[in-house]
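S.K.: Input file: model-v3.txt. Contents: compact mmCIF, C-alpha atoms and all ligand atoms.
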# COMPACT_ATOMS: atom_id res chain seq x y z
CA MET W 11 233.11 64.71 -106.55
CA LYS W 12 231.44 62.52 -103.93
CA LEU W 13 230.64 63.37 -100.32
CA SER W 14 229.85 60.78 -97.64
CA PHE W 15 228.64 61.47 -94.11
CA LEU W 16 230.52 59.01 -91.89
CA GLY W 17 229.58 60.78 -88.65
CA ALA W 18 227.72 63.74 -87.08
CA ALA W 19 224.64 62.85 -89.15
CA GLU W 20 221.44 63.22 -87.10
CA THR W 21 223.69 63.54 -84.04
CA VAL W 22 226.28 66.00 -82.65
CA THR W 23 229.34 63.77 -82.36
CA GLY W 24 231.60 61.65 -84.56
CA SER W 25 232.21 64.34 -87.24
CA LYS W 26 233.73 62.62 -90.30
CA TYR W 27 233.13 63.59 -93.92
CA LEU W 28 234.67 61.70 -96.81
CA VAL W 29 235.40 63.67 -99.98
CA GLU W 30 236.30 61.57 -103.05
CA THR W 31 237.57 63.23 -106.17
CA GLY W 32 239.67 62.01 -109.11
CA GLY W 33 240.47 58.74 -107.36
CA ARG W 34 241.68 60.54 -104.22
CA ARG W 35 240.14 60.43 -100.75
CA ILE W 36 240.19 63.19 -98.13
CA LEU W 37 238.60 62.85 -94.70
CA VAL W 38 237.37 66.15 -93.25
CA ASP W 39 237.40 65.80 -89.45
CA CYS W 40 237.99 62.51 -87.69
CA GLY W 41 235.78 62.67 -84.63
CA LEU W 42 234.84 60.26 -81.90
CA PHE W 43 231.21 59.35 -81.24
CA GLN W 44 230.28 60.30 -77.67
CA GLY W 45 227.22 60.14 -75.41
CA LEU W 46 224.73 57.29 -75.87
CA LYS W 47 226.16 53.75 -75.86
CA LYS W 48 224.57 53.03 -79.23
CA LEU W 49 226.68 55.87 -80.67
CA ARG W 50 229.87 55.02 -78.76
CA ASP W 51 229.65 51.47 -80.11
CA ARG W 52 230.10 52.93 -83.59
CA ASN W 53 233.69 53.86 -82.69
CA TRP W 54 234.43 50.13 -82.75
CA ARG W 55 233.05 49.49 -86.22
CA SER W 56 235.24 49.70 -89.30
CA LEU W 57 234.92 52.80 -91.44
CA SER W 58 233.13 52.28 -94.74
CA VAL W 59 236.50 52.81 -96.47
CA PRO W 60 239.80 51.23 -95.40
CA PRO W 61 241.97 53.76 -93.47
CA GLU W 62 244.97 53.04 -95.71
CA SER W 63 242.94 54.14 -98.76
CA LEU W 64 242.68 57.72 -97.43
CA ASP W 65 245.19 60.21 -98.86
CA ALA W 66 244.84 62.98 -96.25
CA VAL W 67 242.84 64.21 -93.27
CA VAL W 68 241.88 67.87 -92.76
CA LEU W 69 240.68 69.03 -89.31
CA THR W 70 238.36 71.95 -88.51
CA HIS W 71 239.30 72.14 -84.81
CA ALA W 72 240.66 70.22 -81.86
CA HIS W 73 237.49 69.12 -80.02
CA ILE W 74 237.45 65.34 -79.56
CA ASP W 75 234.14 64.91 -81.39
CA HIS W 76 236.07 66.24 -84.44
CA THR W 77 239.49 64.61 -83.86
CA GLY W 78 239.23 61.81 -81.30
CA TYR W 79 239.13 58.97 -83.85
CA LEU W 80 242.51 59.96 -85.32
CA PRO W 81 244.69 57.64 -83.15
CA ARG W 82 242.48 54.70 -84.12
CA LEU W 83 242.62 55.68 -87.81
CA VAL W 84 246.42 55.81 -87.75
CA ASP W 85 246.64 52.59 -85.75
CA ARG W 86 244.44 50.87 -88.36
CA GLY W 87 246.64 51.80 -91.29
CA PHE W 88 246.23 55.45 -92.28
CA ASP W 89 249.69 56.89 -92.93
CA GLY W 90 249.01 60.19 -94.73
CA PRO W 91 249.27 63.78 -93.51
CA VAL W 92 246.74 65.42 -91.15
CA PHE W 93 246.35 69.14 -91.84
CA CYS W 94 245.24 71.58 -89.12
CA THR W 95 245.89 75.10 -87.84
CA THR W 96 248.84 75.84 -85.53
CA ALA W 97 246.75 76.24 -82.37
CA THR W 98 244.82 73.06 -83.21
CA GLU W 99 248.11 71.18 -83.44
CA ASP W 100 249.12 72.48 -79.99
CA LEU W 101 245.73 71.64 -78.48
CA LEU W 102 245.80 68.12 -79.90
CA GLY W 103 249.12 67.55 -78.15
CA ILE W 104 247.12 67.91 -74.92
CA LEU W 105 243.70 66.53 -75.87
CA LEU W 106 244.52 63.33 -77.76
CA PRO W 107 246.85 61.75 -75.16
CA ASP W 108 244.18 62.57 -72.56
CA ALA W 109 241.55 60.85 -74.72
CA GLY W 110 243.86 57.81 -74.92
CA TYR W 111 244.23 57.85 -71.14
CA LEU W 112 240.43 57.93 -70.72
CA GLN W 113 240.05 54.98 -73.13
CA GLU W 114 242.59 53.00 -71.11
CA GLU W 115 240.82 53.86 -67.85
CA GLU W 116 237.47 52.81 -69.27
CA ALA W 117 238.88 49.43 -70.35
CA LYS W 118 240.52 48.93 -66.95
CA TYR W 119 237.26 49.74 -65.19
CA ALA W 120 235.29 47.37 -67.45
CA ASN W 121 237.76 44.58 -66.67
CA LYS W 122 237.51 45.19 -62.95
CA ARG W 123 233.74 45.09 -63.07
CA GLY W 124 233.67 42.32 -65.66
CA PHE W 125 230.97 43.99 -67.78
CA SER W 126 232.72 44.04 -71.14
CA LYS W 127 231.62 41.83 -74.03
CA HIS W 128 235.30 41.55 -74.90
CA ASP W 129 237.47 39.57 -72.54
CA PRO W 130 239.66 41.26 -71.56
CA ALA W 131 238.29 44.69 -72.53
CA GLU W 132 240.66 46.58 -74.82
CA PRO W 133 240.92 50.36 -75.05
CA LEU W 134 239.86 51.85 -78.41
CA TYR W 135 243.39 53.27 -78.37
CA THR W 136 246.06 54.04 -75.83
CA GLN W 137 247.92 57.17 -74.77
CA GLN W 138 250.86 55.85 -76.74
CA ASP W 139 248.72 55.46 -79.91
CA ALA W 140 247.55 59.05 -79.41
CA ARG W 141 251.12 60.36 -79.07
CA ALA W 142 252.17 58.40 -82.15
CA CYS W 143 249.47 59.95 -84.34
CA LEU W 144 250.59 63.48 -83.42
CA ARG W 145 253.55 62.95 -85.75
CA SER W 146 251.16 63.01 -88.73
CA LEU W 147 250.01 66.59 -87.98
CA LYS W 148 250.95 69.28 -90.51
CA LYS W 149 250.17 72.83 -89.44
CA VAL W 150 248.93 75.43 -91.90
CA ALA W 151 248.23 79.12 -91.24
CA PHE W 152 244.75 80.60 -91.57
CA GLU W 153 244.03 81.93 -95.09
CA GLU W 154 246.93 80.04 -96.64
CA THR W 155 246.04 77.79 -99.60
CA PHE W 156 247.40 74.25 -99.48
CA GLN W 157 246.91 71.04 -101.49
CA PRO W 158 246.21 67.98 -99.33
CA VAL W 159 246.09 66.06 -102.65
CA ASP W 160 246.87 67.19 -106.20
CA GLY W 161 244.13 69.28 -107.74
CA ILE W 162 242.38 70.21 -104.48
CA ASP W 163 242.94 73.61 -102.88
CA VAL W 164 242.01 73.96 -99.22
CA ARG W 165 241.92 76.99 -96.93
CA PHE W 166 241.28 77.46 -93.21
CA HIS W 167 239.21 80.50 -92.20
CA ARG W 168 238.61 81.64 -88.61
CA ALA W 169 235.45 80.15 -87.12
CA GLY W 170 235.60 81.64 -83.59
CA HIS W 171 234.35 78.80 -81.36
CA ILE W 172 237.67 77.75 -79.73
CA LEU W 173 241.37 78.46 -80.13
CA GLY W 174 242.49 77.45 -83.64
CA ALA W 175 238.99 76.62 -84.91
CA ALA W 176 238.43 76.94 -88.65
CA TRP W 177 235.74 76.59 -91.24
CA ILE W 178 237.12 74.88 -94.30
CA GLU W 179 236.90 75.80 -97.95
CA LEU W 180 237.78 73.00 -100.37
CA PHE W 181 238.01 73.75 -104.10
CA GLY W 182 238.47 71.21 -106.90
CA GLU W 183 236.82 70.03 -110.13
CA ASP W 184 235.38 73.53 -110.44
CA HIS W 185 233.36 72.92 -107.27
CA ARG W 186 233.56 74.81 -103.97
CA LEU W 187 232.71 72.74 -100.94
CA VAL W 188 232.52 74.45 -97.53
CA PHE W 189 232.44 72.73 -94.13
CA SER W 190 231.36 75.02 -91.30
CA GLY W 191 232.97 72.91 -88.56
CA ASP W 192 231.67 74.49 -85.37
CA ILE W 193 230.86 78.17 -85.77
CA GLY W 194 231.37 80.47 -82.78
CA ARG W 195 229.23 83.34 -81.62
CA PRO W 196 229.64 86.87 -82.97
CA ASN W 197 230.26 88.50 -79.57
CA ASP W 198 232.34 85.96 -77.67
CA PRO W 199 234.55 87.82 -75.17
CA LEU W 200 237.54 85.55 -75.87
CA MET W 201 237.25 84.52 -79.51
CA PHE W 202 237.00 86.68 -82.63
CA PRO W 203 233.78 86.40 -84.66
CA PRO W 204 233.74 83.86 -87.53
CA LYS W 205 235.11 85.19 -90.80
CA PRO W 206 232.20 85.82 -93.20
CA ILE W 207 231.60 83.26 -95.92
CA ARG W 208 231.25 84.51 -99.52
CA GLN W 209 230.94 81.52 -101.84
CA ALA W 210 229.94 77.87 -101.68
CA ASP W 211 228.50 75.45 -104.22
CA THR W 212 227.96 72.84 -101.54
CA LEU W 213 227.66 73.70 -97.88
CA VAL W 214 227.83 71.41 -94.86
CA VAL W 215 226.62 73.35 -91.81
CA GLU W 216 226.42 72.42 -88.14
CA SER W 217 223.03 72.55 -86.42
CA THR W 218 223.86 72.03 -82.74
CA TYR W 219 221.46 74.81 -81.70
CA GLY W 220 219.16 74.58 -84.73
CA ASP W 221 216.13 74.65 -82.44
CA ARG W 222 217.33 77.24 -79.97
CA MET W 223 218.00 80.92 -79.75
CA HIS W 224 220.48 81.86 -77.03
CA PRO W 225 218.77 84.17 -74.53
CA GLU W 226 219.51 87.85 -75.07
CA VAL W 227 220.92 88.27 -71.59
CA ASP W 228 224.31 89.25 -70.30
CA VAL W 229 225.66 85.95 -69.00
CA ARG W 230 227.54 87.93 -66.32
CA ASP W 231 224.19 88.73 -64.68
CA ASP W 232 223.30 85.03 -64.53
CA ILE W 233 226.69 84.07 -63.09
CA ALA W 234 226.59 86.91 -60.54
CA ASP W 235 223.09 85.89 -59.49
CA ILE W 236 223.56 82.10 -59.25
CA VAL W 237 227.06 82.17 -57.77
CA GLY W 238 226.24 85.12 -55.48
CA ARG W 239 223.23 83.36 -53.94
CA THR W 240 225.21 80.15 -53.38
CA ILE W 241 228.02 82.00 -51.64
CA GLU W 242 225.49 83.86 -49.49
CA ARG W 243 224.12 80.59 -48.12
CA GLY W 244 227.64 79.29 -47.52
CA GLY W 245 227.70 76.88 -50.46
CA VAL W 246 230.30 75.76 -52.94
CA VAL W 247 229.76 76.25 -56.69
CA ILE W 248 230.90 73.36 -58.87
CA ILE W 249 231.18 74.24 -62.55
CA PRO W 250 231.70 71.26 -64.86
CA ALA W 251 233.44 72.86 -67.83
CA PHE W 252 235.12 71.77 -71.02
CA ALA W 253 238.88 72.16 -70.68
CA VAL W 254 239.18 74.08 -73.94
CA GLY W 255 237.46 77.43 -74.17
CA ARG W 256 234.70 77.12 -71.56
CA SER W 257 237.08 76.93 -68.61
CA GLN W 258 238.99 80.01 -69.76
CA LEU W 259 235.80 81.93 -70.47
CA LEU W 260 234.47 81.14 -66.99
CA MET W 261 237.76 82.20 -65.41
CA TYR W 262 237.53 85.42 -67.36
CA TYR W 263 233.94 86.20 -66.30
CA ILE W 264 234.38 85.20 -62.66
CA THR W 265 237.59 87.18 -62.12
CA GLU W 266 235.96 90.16 -63.82
CA LEU W 267 232.91 89.92 -61.53
CA ILE W 268 235.11 89.66 -58.43
CA GLN W 269 237.25 92.62 -59.54
CA ALA W 270 234.10 94.66 -60.18
CA GLY W 271 232.85 93.83 -56.68
CA ARG W 272 229.79 92.01 -58.04
CA LEU W 273 230.92 88.76 -56.40
CA PRO W 274 232.59 88.35 -52.99
CA ASP W 275 236.29 87.57 -53.13
CA VAL W 276 236.07 83.80 -52.55
CA PRO W 277 238.72 81.30 -53.68
CA VAL W 278 238.38 80.23 -57.32
CA TYR W 279 239.98 76.94 -58.38
CA LEU W 280 240.62 75.58 -61.84
CA ASN W 281 240.88 71.89 -61.05
CA SER W 282 241.71 70.21 -64.34
CA PRO W 283 245.34 69.60 -65.33
CA MET W 284 244.27 69.68 -68.96
CA ALA W 285 242.44 73.00 -68.61
CA VAL W 286 245.53 74.41 -66.85
CA ASP W 287 247.69 73.35 -69.82
CA VAL W 288 245.19 74.77 -72.29
CA THR W 289 245.09 78.05 -70.37
CA ASP W 290 248.84 78.22 -70.89
CA LEU W 291 248.26 77.82 -74.65
CA TYR W 292 246.06 80.93 -74.59
CA ARG W 293 249.11 82.77 -73.26
CA ARG W 294 251.25 81.38 -76.09
CA HIS W 295 248.74 82.15 -78.84
CA ILE W 296 248.24 85.87 -78.25
CA GLY W 297 246.63 87.20 -81.43
CA ASP W 298 244.53 84.08 -81.96
CA HIS W 299 242.01 85.42 -79.42
CA ARG W 300 240.90 88.74 -77.96
CA LEU W 301 242.93 88.75 -74.71
CA ASP W 302 246.24 90.56 -74.59
CA GLU W 303 249.17 89.36 -72.54
CA ARG W 304 248.24 91.39 -69.49
CA ALA W 305 244.62 90.20 -69.46
CA CYS W 306 245.83 86.59 -69.75
CA ARG W 307 248.26 87.04 -66.87
CA GLU W 308 245.69 88.72 -64.62
CA MET W 309 243.15 86.00 -65.28
CA CYS W 310 245.64 83.29 -64.34
CA GLN W 311 246.82 85.08 -61.19
CA ALA W 312 243.29 85.44 -59.84
CA VAL W 313 242.56 81.73 -60.10
CA ARG W 314 244.24 78.92 -58.20
CA LEU W 315 245.46 76.46 -60.88
CA VAL W 316 245.32 72.96 -59.38
CA GLN W 317 247.58 70.24 -60.82
CA ASP W 318 248.24 68.03 -57.81
CA VAL W 319 245.94 65.05 -57.04
CA GLU W 320 246.19 65.62 -53.27
CA GLU W 321 245.13 69.24 -53.64
CA SER W 322 242.28 68.10 -55.89
CA LYS W 323 241.10 65.71 -53.16
CA SER W 324 241.36 68.44 -50.53
CA LEU W 325 238.78 70.40 -52.54
CA ASN W 326 236.21 67.76 -51.48
CA ALA W 327 236.48 68.89 -47.85
CA LEU W 328 235.88 72.65 -48.15
CA ASP W 329 233.80 74.23 -45.41
CA GLU W 330 233.87 77.76 -46.81
CA PRO W 331 232.25 79.11 -49.99
CA ALA W 332 234.37 78.61 -53.09
CA ILE W 333 234.09 78.21 -56.85
CA ILE W 334 235.54 75.12 -58.50
CA ILE W 335 235.80 74.93 -62.28
CA SER W 336 236.61 71.37 -63.27
CA ALA W 337 236.34 68.99 -66.25
CA SER W 338 234.61 67.25 -67.85
CA GLY W 339 231.94 69.62 -69.11
CA MET W 340 229.16 67.03 -69.36
CA ALA W 341 230.18 65.30 -66.09
CA THR W 342 231.07 62.15 -68.02
CA GLY W 343 234.46 61.79 -66.33
CA GLY W 344 237.40 63.67 -64.86
CA ARG W 345 237.87 65.27 -61.45
CA VAL W 346 234.51 67.03 -61.46
CA ILE W 347 232.82 63.65 -60.89
CA HIS W 348 234.36 63.48 -57.41
CA HIS W 349 233.21 67.02 -56.64
CA ILE W 350 229.67 66.18 -57.75
CA LYS W 351 229.68 63.08 -55.57
CA THR W 352 230.68 65.23 -52.59
CA TYR W 353 228.60 68.36 -53.11
CA ALA W 354 225.49 67.36 -55.10
CA PRO W 355 223.75 65.63 -52.12
CA VAL W 356 223.78 68.88 -50.05
CA ALA W 357 221.15 71.52 -50.83
CA LYS W 358 223.24 74.66 -50.14
CA HIS W 359 225.69 73.93 -52.96
CA THR W 360 225.23 74.55 -56.69
CA ILE W 361 226.20 72.54 -59.76
CA LEU W 362 226.40 75.01 -62.61
CA PHE W 363 226.59 73.54 -66.12
CA ALA W 364 228.16 75.71 -68.77
CA GLY W 365 227.76 74.22 -72.22
CA TYR W 366 226.02 71.75 -74.49
CA GLN W 367 224.93 68.55 -72.69
CA ALA W 368 224.77 65.62 -75.10
CA ALA W 369 222.01 63.02 -74.83
CA GLY W 370 222.85 60.19 -72.45
CA THR W 371 225.35 62.13 -70.31
CA ARG W 372 225.07 62.80 -66.55
CA GLY W 373 225.06 66.50 -67.39
CA GLU W 374 221.97 66.12 -69.53
CA ALA W 375 220.22 64.09 -66.84
CA MET W 376 220.99 66.67 -64.13
CA VAL W 377 220.02 69.67 -66.24
CA ASN W 378 216.71 67.90 -66.95
CA GLY W 379 216.03 67.56 -63.22
CA ALA W 380 217.25 64.02 -62.42
CA SER W 381 216.90 63.35 -58.67
CA GLN W 382 219.92 61.02 -58.72
CA VAL W 383 222.78 60.07 -61.02
CA LYS W 384 224.97 56.98 -61.05
CA ILE W 385 228.64 57.62 -60.26
CA HIS W 386 231.19 54.81 -59.86
CA GLY W 387 228.40 52.25 -59.62
CA GLU W 388 226.36 54.01 -56.89
CA TYR W 389 223.42 56.37 -57.01
CA VAL W 390 224.19 59.90 -55.82
CA PRO W 391 221.16 61.98 -54.79
CA ILE W 392 220.99 65.45 -56.34
CA ARG W 393 219.79 67.95 -53.74
CA ALA W 394 222.06 70.84 -54.69
CA GLN W 395 220.75 73.59 -56.95
CA VAL W 396 221.39 72.63 -60.59
CA GLU W 397 221.65 75.42 -63.14
CA ASP W 398 222.49 75.65 -66.81
CA LEU W 399 224.19 78.71 -68.28
CA GLY W 400 222.44 78.47 -71.62
CA ALA W 401 223.79 81.84 -72.75
CA LEU W 402 227.39 80.67 -72.40
CA SER W 403 227.46 78.57 -75.55
CA ALA W 404 230.48 78.31 -77.87
CA HIS W 405 228.12 77.60 -80.76
CA ALA W 406 226.16 80.10 -82.80
CA ASP W 407 222.40 79.54 -82.59
CA TYR W 408 220.33 79.19 -85.80
CA ARG W 409 219.85 82.93 -86.12
CA GLU W 410 223.56 83.68 -85.67
CA LEU W 411 224.42 80.91 -88.15
CA GLY W 412 221.98 82.55 -90.55
CA ASP W 413 223.76 85.89 -90.05
CA TRP W 414 227.06 84.22 -90.92
CA LEU W 415 225.51 82.67 -94.06
CA ASP W 416 224.06 86.04 -95.02
CA GLY W 417 227.51 86.84 -96.42
CA LEU W 418 226.99 84.39 -99.32
CA GLU W 419 226.88 86.15 -102.69
CA ARG W 420 224.48 83.54 -104.10
CA ALA W 421 222.61 80.50 -102.83
CA PRO W 422 224.58 77.24 -102.71
CA GLU W 423 223.45 74.37 -104.97
CA SER W 424 223.01 72.16 -101.95
CA VAL W 425 223.07 72.62 -98.18
CA PHE W 426 223.50 69.74 -95.75
CA LEU W 427 222.71 70.12 -92.04
CA THR W 428 224.84 67.99 -89.73
CA HIS W 429 226.19 68.04 -86.16
CA GLY W 430 222.79 68.33 -84.51
CA GLU W 431 220.22 66.01 -82.97
CA LEU W 432 217.48 65.32 -85.51
CA THR W 433 214.96 67.70 -83.89
CA ALA W 434 217.53 70.53 -83.90
CA ALA W 435 218.60 69.86 -87.50
CA ASP W 436 215.00 69.75 -88.64
CA ALA W 437 214.15 73.01 -86.88
CA GLN W 438 217.14 74.65 -88.55
CA ARG W 439 216.01 73.26 -91.92
CA ARG W 440 212.70 75.10 -91.45
CA HIS W 441 214.39 78.31 -90.26
CA PHE W 442 216.72 78.36 -93.29
CA ARG W 443 213.80 77.64 -95.64
CA ASP W 444 211.90 80.61 -94.20
CA ARG W 445 214.90 82.93 -94.20
CA PHE W 446 216.74 81.96 -97.40
CA GLY W 447 214.26 79.81 -99.33
CA TRP W 448 216.76 76.92 -99.24
CA ASP W 449 215.79 73.29 -99.38
CA CYS W 450 218.31 71.90 -96.88
CA ILE W 451 219.02 68.19 -96.61
CA ILE W 452 219.57 66.32 -93.34
CA PRO W 453 221.83 63.44 -94.40
CA GLU W 454 221.72 60.03 -92.80
CA LEU W 455 224.74 58.28 -91.37
CA ASP W 456 226.87 56.73 -94.15
CA GLN W 457 224.82 58.44 -96.88
CA THR W 458 226.79 59.31 -100.04
CA VAL W 459 225.88 62.12 -102.42
CA VAL W 460 227.34 62.97 -105.83
CA LEU W 461 228.05 66.70 -105.99
CA ASP W 462 228.57 67.39 -109.65
CA GLY W 463 227.78 65.99 -113.10
ZN ZN W 501 233.65 72.08 -81.27
For the file at hand, write its structure as structure tokens.
M.R.:
Amino acid sequence: MKLSFLGAAETVTGSKYLVETGGRRILVDCGLFQGLKKLRDRNWRSLSVPPESLDAVVLTHAHIDHTGYLPRLVDRGFDGPVFCTTATEDLLGILLPDAGYLQEEEAKYANKRGFSKHDPAEPLYTQQDARACLRSLKKVAFEETFQPVDGIDVRFHRAGHILGAAWIELFGEDHRLVFSGDIGRPNDPLMFPPKPIRQADTLVVESTYGDRMHPEVDVRDDIADIVGRTIERGGVVIIPAFAVGRSQLLMYYITELIQAGRLPDVPVYLNSPMAVDVTDLYRRHIGDHRLDERACREMCQAVRLVQDVEESKSLNALDEPAIIISASGMATGGRVIHHIKTYAPVAKHTILFAGYQAAGTRGEAMVNGASQVKIHGEYVPIRAQVEDLGALSAHADYRELGDWLDGLERAPESVFLTHGELTAADAQRRHFRDRFGWDCIIPELDQTVVLDG
């Protein structure tokens, strides 16, 4: 069995792992590189193996950095099945066409400005490509064994993190290979904790927060404090949030704080058509998360769900305190960009980030104290308060990951740390050496390792 790291090596995006066994090829995750231009350029390069030579794709979860390359893969000749959980399939029906739309917009913008090397600039893929690739999806229930190719048994286990997220166990040639995907936190109010892991010969583990421990605070206190102070001075709180998971968690916390009287009853808007659709999926997948039907309904009733473009624009002229949750989470695009342009130059407002900010994004720049960011070709001064809800992560930190791995009955033969910036991965390598005595490997991009024999 051979394993190649075609993405998420020494970086957090572009997750793609190639497993080759008995002349068959399986791709685990099919993610898009995001963030720095150097990384995004990799989306345009050919894979090290021809797409038509792959027999199957298996997905851990719906996030674009794990699935966003799929339309391109299918467009370039892959015609096999793509296995995922039921909720992942539903989420991809929303996320992939949106990713195609963003690619088209980016190409259009590049053409207008004339800054593309290609003339005319082409999108990596279109909305139509994204819709076409949805036909390849094959849903499988958690804990059900299936064979993406003959001789390989695969199972999805709950990973927490977001709706439908799984860690993957792959068994063949007497070898058990486990991919963590993204592992959620043990006490997430919306998602169940990750299912414990028992056995692995080879382990591929994420290391997003390999160098960080989430603060031991109740994130409600932070939200009540930051949002409360902004409202008191008459400001608007803009929360850039990922459409899947983060937006719903923020809705949950904010409505709870308002109901408990810890925040004044100001209007709360969810201004992201995609997040509105995803919120609806939470209502349809009762049992895949901790909220019951009533809790879901109450959460949605307390928040104004904005679909309409005109209403979205009207949110840039508010003169009363309000809370606006809007995508994208790293301020790389979407409606939240317009809100930041409007509200960031005025000191009484607050921009509250609520998740991981990848290198090279506006979110990262602002969280690190940038005095201005470039939006639509012009520099926007940042005078508003900028805060980062570090405790609101959807990823386990290195200690929580260690707790999950504590379930292993014996040490794996090899452990690879991926899905983390190099400093984070290296810190996690040291933590795991101290805690478990393991000698973890941080693979390089396109590195291939032989797992047995
Ligand atoms: Zn994820």
S.K.: Between W:Gly103, W:Gly191, W:Gly110, W:Gly33, which one has atoms that come closest to Phe166 in chain W, using all atoms listed in the file?
M.R.: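 Among the listed residues, W:Gly191 lies closest to Phe166 in chain W.
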S.K.: Quick one: residues within 7 Å of ligand ZN 501 (chain W), with only C-alpha atoms and all ligand atoms, as a ChimeraX atom specification?
M.R.: /W:71,73,171,192
S.K.: What is the distance, in Å and to one decimal place, between CA of Gln269 in chain W and CA of Ala234 in chain W?
M.R.: 12.1 Å
S.K.: Within 12 Å of Pro250 in chain W, counting all atoms listed in the file, which residues qualify if same-chain residues fewer than 4 places away don't, as number ranges by chain?
M.R.: W: 256-257, 260, 279-282, 285, 333-350, 360-367, 372-374, 376-377, 396-399
S.K.: Just the number, please: distance in Å from CA of Ala140 in chain W to CA of Pro81 in chain W, one decimal.
M.R.: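 Computing the Euclidean distance for CA of Ala140 in chain W and CA of Pro81 in chain W yields 4.9 Å.
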S.K.: From the list W:Thr218, W:Gln382, W:Thr240, W:Thr265, which residue is nearest Asp407 in chain W when using all atoms listed in the file?
M.R.: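 Comparing W:Thr218, W:Gln382, W:Thr240, W:Thr265 against Asp407 in chain W, the winner is W:Thr218.
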S.K.: Taking only C-alpha atoms into account, name the residue in W:Arg222, W:Arg230, W:Arg123, W:Arg304 that is nearest to Ile264 in chain W.
M.R.: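 Answer, going by the shortest atom-to-atom distance: W:Arg230.
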